[in-house]
>>> print(open('final28.cif').read())   # mmCIF, C-alpha atoms
data_entry
#
loop_
_atom_site.label_atom_id
_atom_site.label_comp_id
_atom_site.auth_asym_id
_atom_site.auth_seq_id
_atom_site.Cartn_x
_atom_site.Cartn_y
_atom_site.Cartn_z
CA MET R 1 31.09 118.30 37.31
CA GLY R 2 32.86 121.15 39.09
CA THR R 3 33.49 118.93 42.10
CA GLY R 4 35.11 116.28 39.85
CA ARG R 5 37.49 118.83 38.27
CA THR R 6 38.37 120.16 41.72
CA GLY R 7 39.08 116.66 42.97
CA ARG R 8 41.34 115.85 39.98
CA SER R 9 43.21 119.16 40.34
CA THR R 10 43.76 118.59 44.04
CA ALA R 11 44.98 115.03 43.37
CA ALA R 12 47.40 116.26 40.69
CA VAL R 13 48.85 118.93 42.97
CA THR R 14 49.17 116.43 45.81
CA THR R 15 50.95 113.87 43.57
CA ALA R 16 53.45 116.48 42.31
CA GLU R 17 54.21 117.62 45.85
CA GLN R 18 54.73 114.03 46.94
CA GLY R 19 57.14 113.45 44.05
CA TRP R 20 59.24 116.49 44.95
CA GLU R 21 59.19 115.50 48.59
CA GLN R 22 60.67 112.11 47.70
CA PHE R 23 63.34 113.80 45.57
CA PHE R 24 64.40 116.20 48.34
CA ARG R 25 64.44 113.33 50.82
CA TYR R 26 66.51 110.78 48.86
CA GLY R 27 67.95 112.80 45.95
CA PRO R 28 70.92 114.33 47.87
CA TYR R 29 72.08 110.89 48.94
CA GLY R 30 71.82 109.53 45.40
CA LEU R 31 73.63 112.46 43.80
CA LEU R 32 76.36 112.47 46.45
CA GLY R 33 76.84 108.72 46.04
CA LEU R 34 76.91 108.93 42.22
CA ALA R 35 79.36 111.85 42.28
CA THR R 36 81.60 109.99 44.74
CA VAL R 37 81.63 106.81 42.62
CA VAL R 38 82.39 108.64 39.36
CA SER R 39 85.01 110.82 41.05
CA ALA R 40 86.72 107.73 42.54
CA MET R 41 86.78 106.07 39.13
CA SER R 42 88.38 109.16 37.56
CA ALA R 43 90.65 110.04 40.48
CA ASP R 44 93.84 108.78 38.84
CA LEU R 45 93.16 110.89 35.74
CA ILE R 46 91.91 114.10 37.28
CA MET R 47 92.59 114.38 41.01
CA SER R 48 95.81 115.18 42.75
CA ARG R 49 96.87 113.35 45.88
CA THR R 50 95.89 116.35 48.02
CA GLY R 51 92.54 116.61 46.25
CA THR R 52 91.92 112.93 46.89
CA TYR R 53 92.56 113.39 50.63
CA VAL R 54 90.37 116.48 50.78
CA ALA R 55 87.56 114.73 48.95
CA GLY R 56 87.91 111.67 51.16
CA ALA R 57 87.52 113.88 54.23
CA LEU R 58 84.67 116.05 52.94
CA VAL R 59 82.42 113.31 51.53
CA PRO R 60 81.70 111.89 55.03
CA VAL R 61 81.15 115.45 56.27
CA ALA R 62 78.64 116.03 53.44
CA LEU R 63 76.95 112.71 54.31
CA MET R 64 76.72 113.64 57.99
CA LEU R 65 75.35 117.06 57.06
CA GLN R 66 72.69 115.40 54.95
CA LEU R 67 71.74 112.95 57.73
CA TRP R 68 71.47 115.83 60.22
CA TRP R 69 69.27 117.82 57.89
CA SER R 70 67.01 114.80 57.20
CA ARG R 71 66.34 114.54 60.94
CA ILE R 72 65.47 118.19 61.62
CA ARG R 73 64.01 119.51 58.35
CA HIS R 74 60.41 118.74 59.37
CA ARG R 75 60.81 119.92 62.95
CA PRO R 76 59.67 123.42 64.02
CA ALA R 77 63.30 124.55 64.32
CA GLY R 78 64.18 123.17 60.88
CA ARG R 79 63.13 126.32 59.04
CA SER R 80 65.57 128.48 60.99
CA TRP R 81 68.46 126.11 60.09
CA ALA R 82 67.55 125.82 56.42
CA SER R 83 69.78 128.66 55.20
CA VAL R 84 72.72 127.34 57.27
CA TYR R 85 72.30 123.90 55.74
CA PHE R 86 72.16 125.37 52.21
CA VAL R 87 75.29 127.53 52.69
CA VAL R 88 77.36 124.71 54.24
CA ARG R 89 76.28 122.23 51.56
CA THR R 90 77.06 124.75 48.78
CA VAL R 91 80.53 125.37 50.19
CA LEU R 92 81.18 121.64 50.52
CA ALA R 93 79.97 121.07 46.95
CA PHE R 94 82.21 123.89 45.70
CA VAL R 95 85.30 122.48 47.41
CA LEU R 96 84.51 118.94 46.27
CA THR R 97 84.02 120.19 42.69
CA TRP R 98 87.41 121.96 43.00
CA THR R 99 88.96 118.58 43.71
CA ASN R 100 87.02 116.78 40.97
CA PRO R 101 84.55 118.36 38.49
CA PHE R 102 82.28 115.31 38.70
CA PHE R 103 81.23 116.40 42.21
CA SER R 104 79.21 119.11 40.40
CA MET R 105 76.47 116.49 40.29
CA PHE R 106 76.09 117.02 44.04
CA ALA R 107 76.31 120.81 43.62
CA LEU R 108 73.42 120.61 41.15
CA LEU R 109 71.03 120.38 44.13
CA GLY R 110 71.36 124.13 44.65
CA TYR R 111 69.29 124.80 41.56
CA PHE R 112 66.36 122.77 42.90
CA ASP R 113 66.02 123.68 46.56
CA ALA R 114 67.30 127.27 46.78
CA ALA R 115 63.75 128.58 46.58
CA ARG R 116 62.61 126.10 49.26
CA LEU R 117 65.41 126.72 51.75
CA LEU R 118 66.18 130.43 51.30
CA SER R 119 64.13 133.58 51.36
CA ARG R 120 62.94 135.15 48.12
CA ARG R 121 65.74 137.73 48.20
CA THR R 122 68.58 135.28 48.84
CA ALA R 123 67.30 132.40 46.67
CA ARG R 124 68.78 133.88 43.49
CA VAL R 125 72.08 134.50 45.23
CA GLY R 126 72.18 130.83 46.23
CA MET R 127 71.45 129.74 42.65
CA LEU R 128 74.14 132.09 41.30
CA ALA R 129 76.61 130.54 43.73
CA THR R 130 75.61 127.15 42.37
CA ALA R 131 76.09 128.55 38.85
CA VAL R 132 79.69 129.44 39.73
CA THR R 133 80.37 125.86 40.80
CA MET R 134 78.70 124.43 37.68
CA ALA R 135 80.59 126.77 35.30
CA GLY R 136 83.90 125.92 36.97
CA SER R 137 83.25 122.21 36.57
CA GLN R 138 82.56 122.64 32.85
CA CYS R 139 85.31 125.08 31.81
CA GLY R 140 87.72 122.28 30.94
CA SER R 141 90.38 122.56 33.65
CA GLY R 142 88.42 122.62 36.89
CA PHE R 143 89.15 125.17 39.64
CA PRO R 144 90.94 127.42 39.13
CA PRO R 145 90.96 127.72 35.33
CA ASP R 146 94.49 127.16 34.00
CA THR R 147 94.62 129.14 30.79
CA LEU R 148 93.03 132.17 29.22
CA MET R 149 90.91 129.86 27.13
CA ASN R 150 89.70 128.14 30.28
CA TRP R 151 88.94 131.48 31.91
CA THR R 152 87.04 132.55 28.78
CA ALA R 153 85.06 129.31 28.82
CA PHE R 154 84.38 129.81 32.53
CA GLY R 155 83.06 133.33 31.90
CA ILE R 156 80.84 132.21 29.04
CA LEU R 157 79.53 129.25 31.02
CA LEU R 158 78.96 131.40 34.09
CA ALA R 159 77.01 133.92 32.01
CA LEU R 160 74.99 131.09 30.48
CA HIS R 161 74.25 129.51 33.85
CA SER R 162 73.41 132.89 35.39
CA THR R 163 71.01 133.65 32.54
CA LEU R 164 69.41 130.25 32.95
CA VAL R 165 69.17 130.84 36.69
CA LEU R 166 67.38 134.13 36.20
CA VAL R 167 65.07 132.70 33.54
CA PHE R 168 64.19 129.62 35.56
CA ALA R 169 63.82 131.72 38.70
CA GLN R 170 61.30 133.89 36.89
CA LEU R 171 59.49 130.82 35.60
CA ASP R 172 59.53 129.34 39.08
CA THR R 173 58.06 132.52 40.49
CA ARG R 174 55.28 132.46 37.92
CA GLN R 175 54.70 128.77 38.53
CA ALA R 176 54.54 129.39 42.26
CA GLU R 177 52.04 132.20 41.74
CA GLN R 178 49.96 129.97 39.47
CA ALA R 179 50.12 127.19 42.06
CA ARG R 180 48.99 129.58 44.77
CA THR R 181 46.21 130.86 42.52
CA GLN R 182 45.18 127.30 41.75
CA LEU R 183 45.17 126.36 45.42
CA ASP R 184 43.19 129.50 46.26
CA THR R 185 40.72 128.62 43.51
CA ILE R 186 40.44 125.09 44.84
CA ASP R 187 39.84 126.44 48.34
CA GLU R 188 37.18 128.80 47.01
CA LEU R 189 35.52 125.98 45.06
CA GLU R 190 35.54 123.73 48.11
CA SER R 191 34.07 126.56 50.17
CA ALA R 192 31.46 127.20 47.48
CA ASN R 193 30.63 123.49 47.38
CA ALA R 194 30.23 123.48 51.15
CA ARG R 195 27.93 126.48 50.95
CA LEU R 196 26.02 124.83 48.11
CA GLU R 197 25.57 121.64 50.14
CA GLN R 198 24.37 123.72 53.07
CA ALA R 199 21.97 125.62 50.80
CA LEU R 200 20.68 122.33 49.34
CA ALA R 201 20.10 121.01 52.86
CA GLU R 202 18.26 124.21 53.78
CA ASN R 203 16.24 124.02 50.55
CA ALA R 204 15.30 120.43 51.36
CA GLY R 205 14.04 121.58 54.75
CA LEU R 206 12.13 124.46 53.17
CA HIS R 207 10.68 122.09 50.57
CA ALA R 208 9.43 119.79 53.30
CA GLN R 209 7.99 122.77 55.17
CA LEU R 210 6.28 124.04 52.01
CA LEU R 211 4.77 120.60 51.42
CA VAL R 212 3.33 120.64 54.93
CA GLN R 213 2.00 124.16 54.44
CA ALA R 214 0.55 123.26 51.03
CA ARG R 215 -1.15 120.22 52.56
CA GLU R 216 -2.56 122.37 55.36
CA ALA R 217 -3.67 125.02 52.86
CA GLY R 218 -5.36 122.33 50.78
CA VAL R 219 -7.20 121.04 53.82
CA ALA R 220 -8.27 124.57 54.75
CA ASP R 221 -9.36 125.31 51.18
CA GLU R 222 -11.41 122.11 51.05
CA ARG R 223 -13.05 122.98 54.36
CA SER R 224 -13.83 126.47 53.05
CA ARG R 225 -15.27 124.97 49.85
CA LEU R 226 -17.50 122.57 51.75
CA ALA R 227 -18.61 125.32 54.12
CA ALA R 228 -19.48 127.60 51.20
CA GLU R 229 -21.27 124.79 49.37
CA ILE R 230 -23.29 123.92 52.47
CA HIS R 231 -24.20 127.59 52.95
CA ASP R 232 -25.17 128.06 49.31
CA THR R 233 -27.19 124.83 49.12
CA ILE R 234 -28.42 123.39 52.38
CA ALA R 235 -28.54 126.64 54.39
CA GLN R 236 -30.29 128.62 51.66
CA GLY R 237 -32.57 125.69 50.89
CA LEU R 238 -33.54 125.38 54.54
CA ALA R 239 -34.13 129.14 54.69
CA GLY R 240 -36.41 128.86 51.64
CA ILE R 241 -38.22 125.87 53.14
CA ILE R 242 -38.78 127.79 56.39
CA ALA R 243 -40.11 130.78 54.44
CA GLN R 244 -42.51 128.57 52.47
CA LEU R 245 -43.70 126.76 55.61
CA GLN R 246 -44.32 130.09 57.33
CA VAL R 247 -46.60 131.06 54.43
CA VAL R 248 -48.31 127.68 54.73
CA THR R 249 -48.89 128.25 58.44
CA SER R 250 -50.37 131.68 57.89
CA THR R 251 -52.61 130.69 54.96
CA ASN R 252 -53.54 127.11 55.78
CA GLU R 253 -56.99 127.96 57.14
CA SER R 254 -57.81 131.00 55.03
CA ASP R 255 -56.57 129.74 51.64
CA PRO R 256 -55.80 125.99 51.58
CA ALA R 257 -55.02 126.06 47.85
CA LEU R 258 -52.31 128.71 48.28
CA ALA R 259 -50.98 126.84 51.29
CA ARG R 260 -50.76 123.71 49.15
CA VAL R 261 -48.75 125.59 46.52
CA HIS R 262 -46.24 126.80 49.09
CA LEU R 263 -46.08 123.34 50.65
CA ASP R 264 -45.20 121.87 47.24
CA ARG R 265 -42.50 124.53 46.87
CA ALA R 266 -41.08 123.60 50.26
CA ALA R 267 -40.95 119.92 49.24
CA ALA R 268 -39.27 120.83 45.96
CA LEU R 269 -36.71 122.96 47.82
CA ALA R 270 -36.05 120.08 50.21
CA ARG R 271 -35.39 117.66 47.33
CA HIS R 272 -33.22 120.23 45.55
CA SER R 273 -31.22 120.94 48.71
CA LEU R 274 -30.68 117.22 49.30
CA GLY R 275 -29.32 116.80 45.76
CA GLU R 276 -27.06 119.82 46.16
CA ALA R 277 -25.74 118.49 49.47
CA ARG R 278 -24.81 115.19 47.83
CA ARG R 279 -23.11 116.96 44.95
CA SER R 280 -21.23 119.32 47.26
CA VAL R 281 -19.80 116.44 49.28
CA SER R 282 -18.74 114.71 46.05
CA ASN R 283 -17.34 117.99 44.63
CA LEU R 284 -19.64 117.76 41.61
CA VAL R 285 -21.20 120.59 39.65
CA PRO R 286 -24.43 122.15 40.93
CA ALA R 287 -27.63 120.28 40.11
CA ALA R 288 -28.70 123.07 37.76
CA LEU R 289 -25.59 122.44 35.64
CA ALA R 290 -25.96 118.67 35.54
CA HIS R 291 -27.96 118.77 32.30
CA ASP R 292 -27.89 122.45 31.21
CA ASP R 293 -25.16 124.89 30.28
CA LEU R 294 -24.61 128.01 32.36
CA PRO R 295 -26.96 130.39 30.46
CA GLU R 296 -29.86 127.91 30.67
CA ALA R 297 -29.12 126.98 34.29
CA LEU R 298 -28.83 130.65 35.24
CA GLY R 299 -32.13 131.47 33.53
CA LYS R 300 -33.91 128.65 35.38
CA THR R 301 -32.36 129.71 38.67
CA VAL R 302 -33.49 133.33 38.21
CA ALA R 303 -37.00 132.24 37.21
CA SER R 304 -37.27 129.87 40.18
CA TRP R 305 -36.06 132.60 42.54
CA ALA R 306 -38.54 135.12 41.10
CA GLU R 307 -41.42 132.66 41.48
CA ARG R 308 -40.41 131.86 45.03
CA THR R 309 -39.93 135.47 46.18
CA GLY R 310 -42.49 137.26 44.05
CA VAL R 311 -39.84 139.74 42.83
CA ARG R 312 -39.72 140.52 39.12
CA ALA R 313 -36.40 139.19 37.76
CA GLU R 314 -34.99 138.97 34.26
CA CYS R 315 -31.94 137.06 32.95
CA THR R 316 -30.06 138.31 29.88
CA VAL R 317 -27.12 136.70 28.04
CA THR R 318 -24.84 138.83 25.82
CA GLY R 319 -21.99 137.83 23.56
CA THR R 320 -21.37 134.43 22.04
CA ALA R 321 -22.05 131.78 24.64
CA GLU R 322 -19.39 129.08 24.96
CA PRO R 323 -19.31 125.85 26.98
CA LEU R 324 -17.45 126.66 30.18
CA HIS R 325 -15.30 124.56 32.45
CA ASP R 326 -17.34 123.00 35.26
CA GLU R 327 -15.54 125.00 37.96
CA VAL R 328 -16.08 128.31 36.16
CA GLY R 329 -19.77 127.63 35.56
CA ALA R 330 -20.29 126.43 39.14
CA THR R 331 -18.52 129.52 40.53
CA LEU R 332 -20.66 131.98 38.56
CA LEU R 333 -23.89 130.11 39.34
CA ARG R 334 -23.10 130.02 43.07
CA ILE R 335 -22.29 133.76 43.03
CA ALA R 336 -25.62 134.44 41.29
CA GLU R 337 -27.51 132.30 43.84
CA GLU R 338 -25.83 134.11 46.75
CA ALA R 339 -26.45 137.53 45.21
CA LEU R 340 -30.14 136.71 44.67
CA ALA R 341 -30.40 135.33 48.21
CA ASN R 342 -28.97 138.59 49.57
CA VAL R 343 -31.46 140.58 47.48
CA GLY R 344 -34.33 138.48 48.82
CA ARG R 345 -33.19 138.84 52.45
CA HIS R 346 -32.09 142.47 52.63
CA SER R 347 -32.89 144.74 49.69
CA ARG R 348 -36.72 144.88 49.55
CA ALA R 349 -36.27 145.19 45.78
CA THR R 350 -39.15 145.12 43.26
CA ARG R 351 -37.01 144.35 40.24
CA VAL R 352 -33.77 142.44 39.63
CA GLY R 353 -31.73 142.17 36.48
CA VAL R 354 -29.14 139.38 35.94
CA THR R 355 -26.79 139.69 32.96
CA LEU R 356 -24.27 137.04 31.83
CA SER R 357 -21.74 138.42 29.33
CA PHE R 358 -19.19 136.48 27.24
CA MET R 359 -16.42 138.95 26.41
CA GLY R 360 -13.47 137.37 24.67
CA ASP R 361 -11.23 135.89 27.33
CA GLU R 362 -13.48 136.52 30.33
CA VAL R 363 -17.03 136.04 31.52
CA THR R 364 -18.89 138.59 33.64
CA LEU R 365 -21.97 138.23 35.78
CA ASP R 366 -23.96 141.32 36.85
CA VAL R 367 -26.78 141.19 39.40
CA ARG R 368 -28.55 144.56 39.83
CA ASP R 369 -31.56 145.46 41.96
CA ASP R 370 -33.63 148.58 42.74
CA GLY R 371 -33.74 147.93 46.47
CA CYS R 372 -32.78 150.00 49.49
CA GLY R 373 -29.04 149.69 48.89
CA PHE R 374 -26.28 149.87 51.52
CA ASP R 375 -22.83 151.28 52.19
CA PRO R 376 -20.23 148.70 51.07
CA VAL R 377 -17.51 150.40 53.16
CA ALA R 378 -19.53 149.90 56.34
CA LEU R 379 -19.75 146.13 55.90
CA PRO R 380 -17.78 144.03 58.39
CA PRO R 381 -14.74 142.21 56.94
CA TYR R 382 -15.23 138.68 55.68
CA ARG R 383 -13.77 136.10 58.07
CA GLY R 384 -15.09 132.89 56.55
CA SER R 385 -16.87 131.78 59.73
CA ASP R 386 -19.65 134.33 60.16
CA GLY R 387 -21.43 134.03 56.82
CA PHE R 388 -20.77 133.67 53.10
CA GLY R 389 -22.22 136.89 51.69
CA LEU R 390 -20.15 139.31 49.67
CA GLY R 391 -16.93 137.96 51.19
CA GLY R 392 -17.88 134.44 50.15
CA MET R 393 -18.53 135.60 46.60
CA ARG R 394 -15.11 137.24 46.44
CA ALA R 395 -13.46 134.10 47.82
CA ARG R 396 -15.12 131.97 45.14
CA ALA R 397 -14.06 134.34 42.35
CA GLU R 398 -10.49 134.58 43.64
CA ARG R 399 -10.15 130.81 43.51
CA MET R 400 -10.81 131.16 39.77
CA ALA R 401 -8.36 134.11 39.48
CA GLY R 402 -11.35 136.44 39.22
CA THR R 403 -12.81 139.41 41.08
CA VAL R 404 -16.10 140.58 42.55
CA VAL R 405 -16.95 144.29 42.67
CA VAL R 406 -19.94 145.67 44.63
CA GLU R 407 -21.48 149.06 43.83
CA SER R 408 -24.21 150.42 46.07
CA GLU R 409 -25.34 153.33 48.16
CA PRO R 410 -28.29 153.73 50.54
CA GLY R 411 -31.57 154.25 48.65
CA ASN R 412 -30.21 153.54 45.16
CA GLY R 413 -30.10 149.76 44.92
CA ALA R 414 -27.01 147.58 44.50
CA ALA R 415 -24.98 145.94 41.76
CA VAL R 416 -22.68 142.93 42.08
CA CYS R 417 -20.26 142.34 39.20
CA ALA R 418 -18.19 139.14 39.04
CA ARG R 419 -15.41 138.66 36.48
CA VAL R 420 -13.60 135.35 35.89
CA PRO R 421 -11.39 134.06 33.09
CA LEU R 422 -13.20 132.25 30.27
CA VAL R 423 -11.88 128.68 30.57
CA PRO R 424 -13.58 126.50 27.94
CA GLN R 425 -14.88 123.02 28.64
CA ARG R 426 -12.23 120.38 28.00
#
>>> encode(input="final28.cif", output="structure tokens")
Amino acid sequence: MGTGRTGRSTAAVTTAEQGWEQFFRYGPYGLLGLATVVSAMSADLIMSRTGTYVAGALVPVALMLQLWWSRIRHRPAGRSWASVYFVVRTVLAFVLTWTNPFFSMFALLGYFDAARLLSRRTARVGMLATAVTMAGSQCGSGFPPDTLMNWTAFGILLALHSTLVLVFAQLDTRQAEQARTQLDTIDELESANARLEQALAENAGLHAQLLVQAREAGVADERSRLAAEIHDTIAQGLAGIIAQLQVVTSTNESDPALARVHLDRAAALARHSLGEARRSVSNLVPAALAHDDLPEALGKTVASWAERTGVRAECTVTGTAEPLHDEVGATLLRIAEEALANVGRHSRATRVGVTLSFMGDEVTLDVRDDGCGFDPVALPPYRGSDGFGLGGMRARAERMAGTVVVESEPGNGAAVCARVPLVPQR
């Protein structure tokens, strides 16, 4: 919209300048010709024989002056001759008007181009000189005035023309300032538009770059998700299978019944891990959440882990349970599975407590054990390629705009607390 207004303003200014240019190019010839024709028609009534000869000699001079000026006015040297042209033309117009008042039509040009041809200081002087010629032509007797009445009329007319000159000069100055301000505004708008176009081009490039980065981030996030899912399902399942098979190997001869129990557990873990692998690839919810809500699935997971490891574990749910979004439930269940796996591998705990709490707009999961504990500060930073322990839990929670806090110290067990927003099932 701003560009359209700027374009219309520029076109209007250009059209006005072209109109004035045509007037200053052809107007002097037209006014000189009209004044000459009217003066010739009124010569017998107004002009003396001497005046007729003077006018007959000066009209060609005025025409030659105008032809000369038309040739040089656009040349580099034309500006330096502008004041000379104006003075000579004003003098010629004054003398011609002395011979016949109708030549004041030619003198009228001084009002229009004084500001163009003269400096700011001398422009008003040039217009006042033109005012003298115009007042003399209108006083009733021509130059010089014949009677006191004519002189009085000349003085009044001169005062009137001078006042009009000063008023119109002031208006012209204001108009020129407004034109300059308008042109400056147009230049600023064009510059702003150019900067805006450049900024839009840069924004388009940045947008394309952000799309590429977002695509790359999406690919990296999907790889991280699959890696975490594989670690939490297949890797942990294989670790459990290996542990069960080791028990089978050590008890196969001494206690075949116990070996059979552990072999059945290994087979169950293998089937469970296969199902989880399929669901992870398809980005589905964990198998435990396929038919149960999070509290029930968490309780079964804790019970299965306790049976498998022989560690006493309890699951408690507080608050009013609500159906959770699949991603939220899957995140909390995976964090619980990883926390329990860490307890089974490292803590040598005899008791584990898992608490799921529904607290208004968030859900918390606490996994506490009475094991050997550790120093959280001394843990190596999570890099995503060397395991999915505590760092993997934090990464999962952060994808849900949540947090994971670990509290532990050597000899006093450990506590893992995960907090995520409560997003209900849609």
>>> residues_around(input="final28.cif", residues="Leu109 of chain R", least_positions_apart="5", cutoff="12 Å", atoms="all atoms listed in the file", output="PyMOL selection string")
chain R and resi 23-32+86-87+89-90+93-94+103-104+114-117+126-127+129-131+133-134
>>> residues_around(input="final28.cif", residues="Trp81 of chain R", least_positions_apart="6", cutoff="9 Å", atoms="only C-alpha atoms", output="list of chain:residue names")
R:Trp69, R:Ile72, R:Arg73, R:Leu117
>>> resolve_selection(input="final28.cif", expression="the PyMOL selection byres ((chain R and resi 34-42) around 12)", output="NGL selection string")
:R and (27-33 or 43-48 or 51-53 or 55-60 or 62-63 or 93 or 96-108)
>>> atom_distance(input="final28.cif", atom1="atom CA of Ile241 of chain R", atom2="atom CA of Gly371 of chain R")
23.5 Å
>>> closest_residue(input="final28.cif", among="R:Gly344, R:Gly389, R:Pro295, R:Gly240", to="Leu356 of chain R", atoms="all atoms listed in the file")
R:Pro295
>>> atom_distance(input="final28.cif", atom1="atom CA of Thr350 of chain R", atom2="atom CA of Ala303 of chain R")
14.4 Å
>>> atom_distance(input="final28.cif", atom1="atom CA of Glu21 of chain R", atom2="atom CA of Ser70 of chain R")
11.7 Å
>>> residues_around(input="final28.cif", residues="Ala415 of chain R", least_positions_apart="4", cutoff="8 Å", atoms="all atoms listed in the file", output="PDB file with C-alpha atoms, in the frame of the given file")
ATOM      1  CA  ASP R 366     -23.960 141.320  36.850  1.00  0.00           C
ATOM      2  CA  VAL R 367     -26.780 141.190  39.400  1.00  0.00           C
ATOM      3  CA  ARG R 368     -28.550 144.560  39.830  1.00  0.00           C
ATOM      4  CA  ASP R 369     -31.560 145.460  41.960  1.00  0.00           C
ATOM      5  CA  VAL R 406     -19.940 145.670  44.630  1.00  0.00           C
ATOM      6  CA  GLU R 407     -21.480 149.060  43.830  1.00  0.00           C
ATOM      7  CA  SER R 408     -24.210 150.420  46.070  1.00  0.00           C
TER       8      SER R 408
END
>>> resolve_selection(input="final28.cif", expression="the PyMOL selection byres ((chain R and resi 319) around 8)", output="ChimeraX atom specification")
/R:317-318,320-321,357-359
>>> write_last_selection(input="final28.cif", atoms="C-alpha atoms", output="JSON list (two decimals), in the coordinates of the input")
[["chain", "number", "residue", "atom", "x", "y", "z"],
["R", 317, "VAL", "CA", -27.12, 136.70, 28.04],
["R", 318, "THR", "CA", -24.84, 138.83, 25.82],
["R", 320, "THR", "CA", -21.37, 134.43, 22.04],
["R", 321, "ALA", "CA", -22.05, 131.78, 24.64],
["R", 357, "SER", "CA", -21.74, 138.42, 29.33],
["R", 358, "PHE", "CA", -19.19, 136.48, 27.24],
["R", 359, "MET", "CA", -16.42, 138.95, 26.41]]
>>> closest_residue(input="final28.cif", among="R:Gln425, R:Thr331, R:Asn342, R:Thr309", to="Val404 of chain R", atoms="all atoms listed in the file")
R:Thr331
>>> residues_around(input="final28.cif", residues="Leu333 of chain R", least_positions_apart="4", cutoff="8 Å", atoms="only C-alpha atoms", output="mmCIF file with C-alpha atoms, keeping the file's coordinate frame")
data_model
loop_
_atom_site.group_PDB
_atom_site.id
_atom_site.type_symbol
_atom_site.label_atom_id
_atom_site.label_comp_id
_atom_site.auth_asym_id
_atom_site.auth_seq_id
_atom_site.Cartn_x
_atom_site.Cartn_y
_atom_site.Cartn_z
ATOM 1 C CA LEU R 294 -24.610 128.010 32.360
ATOM 2 C CA ALA R 297 -29.120 126.980 34.290
ATOM 3 C CA LEU R 298 -28.830 130.650 35.240
ATOM 4 C CA GLY R 329 -19.770 127.630 35.560
ATOM 5 C CA GLU R 337 -27.510 132.300 43.840
#
>>> resolve_selection(input="final28.cif", expression="the PyMOL selection byres ((chain R and resi 325) around 9)", output="MDAnalysis selection string")
chainID R and resid 323:324 326:330 422:426
>>> closest_residue(input="final28.cif", among="R:Arg180, R:Arg124, R:Arg308, R:Arg348", to="Val261 of chain R", atoms="only C-alpha atoms")
R:Arg308
>>> closest_residue(input="final28.cif", among="R:Leu67, R:Val416, R:Ala397, R:Val405", to="Leu340 of chain R", atoms="all atoms listed in the file")
R:Val416
>>> closest_residue(input="final28.cif", among="R:Cys315, R:Ala378, R:Ala199, R:Ala82", to="Leu118 of chain R", atoms="all atoms listed in the file")
R:Ala82
>>> closest_residue(input="final28.cif", among="R:Val167, R:Glu190, R:Trp20, R:Ser83", to="Thr122 of chain R", atoms="only C-alpha atoms")
R:Ser83
